[in-house]
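The file structure.cif contains mmCIF, C-alpha atoms:
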```
data_model
loop_
_atom_site.label_atom_id
_atom_site.label_comp_id
_atom_site.auth_asym_id
_atom_site.auth_seq_id
_atom_site.Cartn_x
_atom_site.Cartn_y
_atom_site.Cartn_z
CA MET I 4 -149.52 72.74 -189.60
CA THR I 5 -151.63 69.75 -188.61
CA ASP I 6 -150.87 66.20 -189.74
CA THR I 7 -154.19 66.16 -191.64
CA THR I 8 -153.20 69.22 -193.67
CA ARG I 9 -149.74 67.76 -194.30
CA THR I 10 -151.35 64.53 -195.57
CA GLU I 11 -153.75 66.47 -197.82
CA ILE I 12 -150.88 68.43 -199.36
CA GLU I 13 -148.88 65.25 -199.90
CA GLN I 14 -151.88 63.60 -201.62
CA LEU I 15 -152.55 66.62 -203.83
CA VAL I 16 -148.95 66.65 -205.07
CA ALA I 17 -148.69 62.85 -205.38
CA ASN I 18 -151.86 62.75 -207.50
CA SER I 19 -150.76 65.58 -209.82
CA ARG I 20 -149.04 64.55 -213.02
CA ASP I 21 -148.62 68.20 -213.97
CA ALA I 22 -148.14 71.53 -212.26
CA VAL I 23 -148.52 75.12 -213.42
CA VAL I 24 -145.04 76.65 -213.52
CA CYS I 25 -144.83 80.45 -213.27
CA SER I 26 -142.01 82.78 -214.26
CA ILE I 27 -141.52 86.51 -214.82
CA ASP I 28 -141.17 87.66 -218.42
CA GLU I 29 -138.87 90.36 -219.85
CA GLU I 30 -141.54 93.02 -219.32
CA GLY I 31 -142.21 92.04 -215.71
CA PHE I 32 -145.47 90.14 -216.29
CA PRO I 33 -146.10 86.83 -214.56
CA ASN I 34 -146.22 83.92 -217.05
CA ALA I 35 -147.68 80.42 -216.55
CA LYS I 36 -147.41 77.05 -218.26
CA GLY I 37 -148.62 73.56 -217.44
CA MET I 38 -145.61 71.23 -217.17
CA PHE I 39 -145.13 67.54 -216.44
CA VAL I 40 -143.41 66.94 -213.09
CA ALA I 41 -140.49 64.72 -214.11
CA ARG I 42 -139.33 63.99 -210.54
CA ARG I 43 -139.78 65.33 -207.05
CA GLU I 44 -138.17 65.15 -203.61
CA GLY I 45 -140.84 65.94 -201.05
CA LEU I 46 -142.12 69.46 -201.52
CA HIS I 47 -138.71 71.10 -201.55
CA THR I 48 -137.31 70.04 -204.94
CA LEU I 49 -139.23 69.52 -208.18
CA TRP I 50 -137.75 68.69 -211.58
CA PHE I 51 -139.04 69.45 -215.08
CA SER I 52 -137.64 68.50 -218.48
CA THR I 53 -137.82 71.04 -221.30
CA ASN I 54 -136.20 72.81 -224.26
CA THR I 55 -133.33 75.20 -223.60
CA SER I 56 -134.67 77.39 -226.40
CA SER I 57 -138.12 77.67 -224.79
CA GLN I 58 -139.43 81.01 -223.61
CA ARG I 59 -139.71 79.70 -220.05
CA VAL I 60 -136.03 78.68 -219.82
CA GLN I 61 -134.86 81.98 -221.27
CA GLN I 62 -136.91 83.79 -218.62
CA PHE I 63 -135.49 81.70 -215.76
CA LEU I 64 -131.93 82.35 -216.97
CA LYS I 65 -132.63 86.08 -216.48
CA ASN I 66 -134.79 85.82 -213.35
CA ASP I 67 -134.87 82.67 -211.24
CA LYS I 68 -137.90 83.67 -209.14
CA ALA I 69 -140.53 81.00 -209.71
CA CYS I 70 -143.80 79.55 -208.50
CA VAL I 71 -145.19 76.05 -208.91
CA TYR I 72 -148.93 75.62 -208.45
CA PHE I 73 -150.86 72.39 -207.91
CA ILE I 74 -154.64 72.30 -208.20
CA ASP I 75 -156.91 69.30 -207.81
CA SER I 76 -159.27 68.32 -210.60
CA GLY I 77 -162.34 69.23 -208.51
CA ARG I 78 -160.70 72.60 -207.76
CA VAL I 79 -161.34 72.19 -204.04
CA CYS I 80 -157.78 72.87 -202.99
CA GLY I 81 -154.59 74.38 -204.35
CA LEU I 82 -150.96 74.48 -203.30
CA MET I 83 -148.64 77.33 -204.23
CA LEU I 84 -144.92 76.88 -203.77
CA THR I 85 -142.61 79.84 -204.37
CA GLY I 86 -138.86 79.54 -204.78
CA ARG I 87 -136.03 79.53 -207.32
CA MET I 88 -135.71 77.75 -210.66
CA GLN I 89 -132.29 76.62 -211.81
CA VAL I 90 -131.56 75.66 -215.44
CA MET I 91 -129.43 72.47 -215.38
CA THR I 92 -127.40 71.84 -218.54
CA ASP I 93 -124.78 69.39 -217.22
CA ASN I 94 -124.79 65.95 -218.87
CA LYS I 95 -124.92 64.09 -215.55
CA THR I 96 -128.24 65.67 -214.57
CA LYS I 97 -129.60 65.41 -218.11
CA ALA I 98 -128.63 61.71 -218.35
CA SER I 99 -130.51 60.91 -215.14
CA PHE I 100 -133.77 62.09 -216.77
CA TRP I 101 -133.14 60.82 -220.30
CA SER I 102 -135.49 58.26 -221.80
CA PRO I 103 -134.80 56.61 -225.20
CA SER I 104 -137.95 58.11 -226.72
CA ASP I 105 -136.59 61.63 -226.05
CA ILE I 106 -134.44 61.21 -229.17
CA GLN I 107 -137.43 62.29 -231.29
CA TYR I 108 -137.23 65.73 -229.68
CA TYR I 109 -133.46 65.92 -229.19
CA PRO I 110 -131.68 64.31 -232.18
CA GLN I 111 -128.24 64.83 -230.60
CA GLY I 112 -129.21 62.81 -227.52
CA ILE I 113 -128.35 63.69 -223.93
CA ALA I 114 -125.74 66.25 -224.97
CA ASP I 115 -128.21 68.03 -227.28
CA PRO I 116 -127.85 71.71 -226.34
CA ASP I 117 -131.62 72.15 -226.65
CA TYR I 118 -132.25 69.50 -223.95
CA CYS I 119 -132.19 70.79 -220.40
CA ILE I 120 -133.63 70.15 -216.96
CA LEU I 121 -135.26 72.68 -214.63
CA ARG I 122 -134.73 72.28 -210.88
CA PHE I 123 -137.15 74.13 -208.63
CA THR I 124 -136.20 74.69 -205.01
CA ALA I 125 -139.18 75.73 -202.87
CA GLU I 126 -138.82 78.33 -200.14
CA ARG I 127 -142.42 78.88 -199.05
CA GLY I 128 -145.79 77.28 -199.42
CA ASN I 129 -149.39 78.38 -199.30
CA TYR I 130 -152.11 75.73 -199.21
CA TYR I 131 -155.76 76.63 -199.76
CA ARG I 132 -158.72 74.43 -199.01
CA ASN I 133 -162.13 76.07 -199.38
CA LEU I 134 -161.77 79.29 -197.41
CA GLU I 135 -158.94 78.07 -195.19
CA LYS I 136 -155.42 79.23 -195.91
CA HIS I 137 -152.24 77.63 -194.57
CA LEU I 138 -149.06 79.60 -195.04
CA PHE I 139 -145.94 77.61 -194.24
CA THR I 140 -142.20 77.44 -194.72
CA ILE I 141 -140.90 74.42 -196.56
CA GLU I 142 -139.36 73.02 -193.37
CA GLU I 143 -142.79 73.04 -191.70
CA GLY I 144 -144.33 71.28 -194.69
CA MET I 145 -141.99 68.31 -194.47
CA MET S 27 -154.42 82.26 -236.32
CA THR S 28 -156.64 79.65 -238.02
CA ASP S 29 -160.37 79.36 -237.35
CA THR S 30 -159.77 75.88 -235.86
CA THR S 31 -157.33 77.28 -233.30
CA ARG S 32 -159.69 80.13 -232.50
CA THR S 33 -162.51 77.62 -231.93
CA GLU S 34 -160.29 75.44 -229.72
CA ILE S 35 -159.36 78.43 -227.57
CA GLU S 36 -162.99 79.50 -227.28
CA GLN S 37 -163.99 75.96 -226.20
CA LEU S 38 -161.18 75.72 -223.65
CA VAL S 39 -162.23 78.99 -222.00
CA ALA S 40 -165.98 78.28 -222.25
CA ASN S 41 -165.49 74.89 -220.55
CA SER S 42 -163.34 76.26 -217.72
CA ARG S 43 -165.15 77.19 -214.54
CA ASP S 44 -161.86 78.32 -213.01
CA ALA S 45 -158.60 79.84 -214.12
CA VAL S 46 -155.20 80.17 -212.48
CA VAL S 47 -154.65 83.86 -211.73
CA CYS S 48 -151.02 85.01 -211.39
CA SER S 49 -149.64 88.12 -209.74
CA ILE S 50 -146.25 89.41 -208.58
CA ASP S 51 -145.66 89.46 -204.83
CA GLU S 52 -143.86 92.09 -202.74
CA GLU S 53 -140.54 90.25 -203.17
CA GLY S 54 -140.88 89.93 -206.93
CA PHE S 55 -141.93 86.27 -207.02
CA PRO S 56 -144.74 85.12 -209.30
CA ASN S 57 -147.79 83.93 -207.32
CA ALA S 58 -150.69 81.76 -208.51
CA LYS S 59 -154.19 80.96 -207.32
CA GLY S 60 -157.14 79.09 -208.79
CA MET S 61 -160.11 81.45 -209.04
CA PHE S 62 -163.69 81.14 -210.26
CA VAL S 63 -164.33 83.15 -213.44
CA ALA S 64 -167.34 85.26 -212.44
CA ARG S 65 -167.91 86.73 -215.92
CA ARG S 66 -166.11 87.18 -219.20
CA GLU S 67 -166.30 89.18 -222.40
CA GLY S 68 -164.55 87.19 -225.11
CA LEU S 69 -160.89 86.76 -224.25
CA HIS S 70 -160.19 90.42 -223.59
CA THR S 71 -161.99 90.99 -220.26
CA LEU S 72 -162.35 88.53 -217.37
CA TRP S 73 -163.92 89.24 -213.99
CA PHE S 74 -163.29 87.66 -210.59
CA SER S 75 -164.95 88.25 -207.24
CA THR S 76 -162.79 88.25 -204.11
CA ASN S 77 -161.86 89.80 -200.76
CA THR S 78 -160.25 93.23 -200.72
CA SER S 79 -158.11 92.03 -197.80
CA SER S 80 -156.77 89.03 -199.72
CA GLN S 81 -153.08 88.75 -200.54
CA ARG S 82 -153.85 88.72 -204.26
CA VAL S 83 -155.76 92.02 -204.21
CA GLN S 84 -153.07 93.71 -202.14
CA GLN S 85 -150.49 92.59 -204.71
CA PHE S 86 -152.54 93.88 -207.67
CA LEU S 87 -152.98 97.26 -205.97
CA LYS S 88 -149.17 97.57 -205.94
CA ASN S 89 -148.49 95.92 -209.33
CA ASP S 90 -151.25 95.39 -211.89
CA LYS S 91 -149.26 93.05 -214.14
CA ALA S 92 -151.18 89.80 -214.29
CA CYS S 93 -151.59 86.52 -216.07
CA VAL S 94 -154.64 84.26 -216.37
CA TYR S 95 -154.03 80.65 -217.34
CA PHE S 96 -156.56 78.10 -218.57
CA ILE S 97 -155.69 74.41 -218.76
CA ASP S 98 -157.94 71.57 -219.88
CA SER S 99 -158.59 68.66 -217.55
CA GLY S 100 -156.68 66.24 -219.81
CA ARG S 101 -153.80 68.74 -219.83
CA VAL S 102 -153.59 68.60 -223.65
CA CYS S 103 -153.74 72.33 -224.16
CA GLY S 104 -153.25 75.53 -222.22
CA LEU S 105 -154.00 79.20 -222.79
CA MET S 106 -151.98 81.97 -221.19
CA LEU S 107 -153.32 85.51 -221.25
CA THR S 108 -151.13 88.34 -219.96
CA GLY S 109 -152.46 91.79 -219.15
CA ARG S 110 -153.48 94.12 -216.34
CA MET S 111 -155.66 93.51 -213.29
CA GLN S 112 -157.76 96.35 -211.93
CA VAL S 113 -159.31 96.27 -208.45
CA MET S 114 -162.90 97.55 -208.72
CA THR S 115 -164.40 98.88 -205.48
CA ASP S 116 -167.27 101.00 -206.84
CA ASN S 117 -170.76 99.93 -205.75
CA LYS S 118 -172.13 99.85 -209.31
CA THR S 119 -169.63 97.18 -210.42
CA LYS S 120 -169.95 95.29 -207.14
CA ALA S 121 -173.78 95.31 -207.36
CA SER S 122 -173.69 93.77 -210.84
CA PHE S 123 -171.89 90.69 -209.44
CA TRP S 124 -173.66 90.47 -206.09
CA SER S 125 -175.70 87.39 -205.26
CA PRO S 126 -177.87 87.12 -202.09
CA SER S 127 -175.78 84.24 -200.73
CA ASP S 128 -172.69 86.49 -200.71
CA ILE S 129 -174.01 87.98 -197.46
CA GLN S 130 -172.46 85.07 -195.58
CA TYR S 131 -169.00 86.32 -196.60
CA TYR S 132 -169.74 90.05 -196.63
CA PRO S 133 -172.11 90.93 -193.75
CA GLN S 134 -172.31 94.58 -194.80
CA GLY S 135 -173.63 93.63 -198.23
CA ILE S 136 -172.60 95.20 -201.55
CA ALA S 137 -170.95 98.14 -199.83
CA ASP S 138 -168.87 95.86 -197.57
CA PRO S 139 -165.32 97.24 -197.91
CA ASP S 140 -163.96 93.68 -197.98
CA TYR S 141 -166.03 92.83 -201.08
CA CYS S 142 -164.38 93.75 -204.38
CA ILE S 143 -164.22 92.72 -208.02
CA LEU S 144 -161.11 92.11 -210.11
CA ARG S 145 -161.21 93.10 -213.78
CA PHE S 146 -158.53 91.56 -215.99
CA THR S 147 -157.82 93.15 -219.37
CA ALA S 148 -155.80 90.87 -221.63
CA GLU S 149 -153.09 92.26 -223.88
CA ARG S 150 -151.50 89.12 -225.29
CA GLY S 151 -152.20 85.42 -225.57
CA ASN S 152 -150.19 82.24 -225.97
CA TYR S 153 -152.03 79.04 -226.76
CA TYR S 154 -150.27 75.67 -226.53
CA ARG S 155 -151.54 72.42 -227.94
CA ASN S 156 -149.13 69.50 -227.73
CA LEU S 157 -145.89 70.91 -229.13
CA GLU S 158 -147.55 73.65 -231.15
CA LYS S 159 -147.44 77.20 -229.89
CA HIS S 160 -149.65 80.06 -231.07
CA LEU S 161 -148.64 83.53 -229.92
CA PHE S 162 -151.25 86.16 -230.62
CA THR S 163 -152.42 89.64 -229.75
CA ILE S 164 -155.89 89.87 -228.25
CA GLU S 165 -157.27 91.51 -231.41
CA GLU S 166 -156.14 88.47 -233.46
CA GLY S 167 -157.79 86.11 -230.97
CA MET S 168 -161.22 87.68 -231.38
#
```

Have the structure of the file written as structure tokens, please.
Amino acid sequence: MTDTTRTEIEQLVANSRDAVVCSIDEEGFPNAKGMFVARREGLHTLWFSTNTSSQRVQQFLKNDKACVYFIDSGRVCGLMLTGRMQVMTDNKTKASFWSPSDIQYYPQGIADPDYCILRFTAERGNYYRNLEKHLFTIEEGM
Amino acid sequence: MTDTTRTEIEQLVANSRDAVVCSIDEEGFPNAKGMFVARREGLHTLWFSTNTSSQRVQQFLKNDKACVYFIDSGRVCGLMLTGRMQVMTDNKTKASFWSPSDIQYYPQGIADPDYCILRFTAERGNYYRNLEKHLFTIEEGM
């Protein structure tokens, strides 16, 4: 991967407030949902905050295979990361993402059993720009 | 489903040039790619034009379970459709989507074996707006 491509990917992700998070449902269909990226560490680890009771979380508890997709607003380029999604329910992780306004969604606070964090660990990437395609491992993308 | 929700969904789809198309790869991971919506019939049938040799087509030939996701630019609402993706290679279908400028990608013209059309048939929908969620069958969404 060239430095230019690496910079483009970094900019695409840095400029994206949201990503499309994909899971596999109980009947084997791919599912997708736009989610706010709560935190990220390079391209290898992305964090999302959500409800434990949500369909998405229940799917990841059964099948951790996941995909996170970034697309720019002009739809010129897209980045697909595939990897595993872990459902984090420990209070230490949850506390590190907690903001006081979250109380409106989770009345029991940080320990609310319906409050959880999703941690995505990328394994592979695929970056498209126009008709060019750049397949890469996460190590190469760093 | 209320008429207001039905109208919102119709507007979201009508205003979207592209959709995120999801498939299942050979290792069982969900995959995603932004694709131009070449044609649509309501919410039940969506058409995409692509390369037969592309990763996505090869995946759909092995597993037709698919998802098409629409998201608005302000990321306020999202529509997920799940269903089946059929790879159309017959010349009649291909001719109905062909445009003269496609020759730059497919030198053999309409019959070029690398030119194909994807037909998505939706079975279910899930429309999100803020924290509201509207699950529906495709018949209800019409």

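The gap separating atom CA of Lys59 of chain S from atom CA of Ile74 of chain I is 8.7 Å, in Å to one decimal.
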
If we count only C-alpha atoms, what is near Met27 of chain S at a cut-off of 8 Å, once residues fewer than 3 positions away on the same chain are taken out, given as a PyMOL selection string? chain S and resi 31-32+160+162+166-167

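Residues of chain I lying within 8 Å of chain S, counting all atoms listed in the file, are Asp21, Cys25, Ser26, Ile27, Gly31, Phe32, Pro33, Asn34, Ala35, Lys36, Gly37, Lys68, Ala69, Cys70, Val71, Tyr72, Ile74, Ser76, Arg78, Gly81, Met83, Thr85 and Gly86 of chain I.
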
Give me, as a count of residues only, all polymer residues having an atom no more than 10 Å from Ala40 of chain S, counting only C-alpha atoms and skipping those fewer than 5 positions away in the same chain. 4

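What separates atom CA of Thr147 of chain S from atom CA of Leu72 of chain S is a distance of 6.8 Å.
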
List the spatial neighbours of segment 138-144 of chain S as an MDAnalysis selection string - criterion: any atom at most 7 Å away, all atoms listed in the file, same-chain residues fewer than 5 positions off excluded. chainID S and resid 73:79 111:115 120 132

Selection from above, C-alpha atoms, as an mmCIF file, in the coordinates of the input, can you write it?
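Writing done, so here's selection-v3.cif:
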```cif
data_model
loop_
_atom_site.group_PDB
_atom_site.id
_atom_site.type_symbol
_atom_site.label_atom_id
_atom_site.label_comp_id
_atom_site.auth_asym_id
_atom_site.auth_seq_id
_atom_site.Cartn_x
_atom_site.Cartn_y
_atom_site.Cartn_z
ATOM 1 C CA TRP S 73 -163.920 89.240 -213.990
ATOM 2 C CA PHE S 74 -163.290 87.660 -210.590
ATOM 3 C CA SER S 75 -164.950 88.250 -207.240
ATOM 4 C CA THR S 76 -162.790 88.250 -204.110
ATOM 5 C CA ASN S 77 -161.860 89.800 -200.760
ATOM 6 C CA THR S 78 -160.250 93.230 -200.720
ATOM 7 C CA SER S 79 -158.110 92.030 -197.800
ATOM 8 C CA MET S 111 -155.660 93.510 -213.290
ATOM 9 C CA GLN S 112 -157.760 96.350 -211.930
ATOM 10 C CA VAL S 113 -159.310 96.270 -208.450
ATOM 11 C CA MET S 114 -162.900 97.550 -208.720
ATOM 12 C CA THR S 115 -164.400 98.880 -205.480
ATOM 13 C CA LYS S 120 -169.950 95.290 -207.140
ATOM 14 C CA TYR S 132 -169.740 90.050 -196.630
#
```
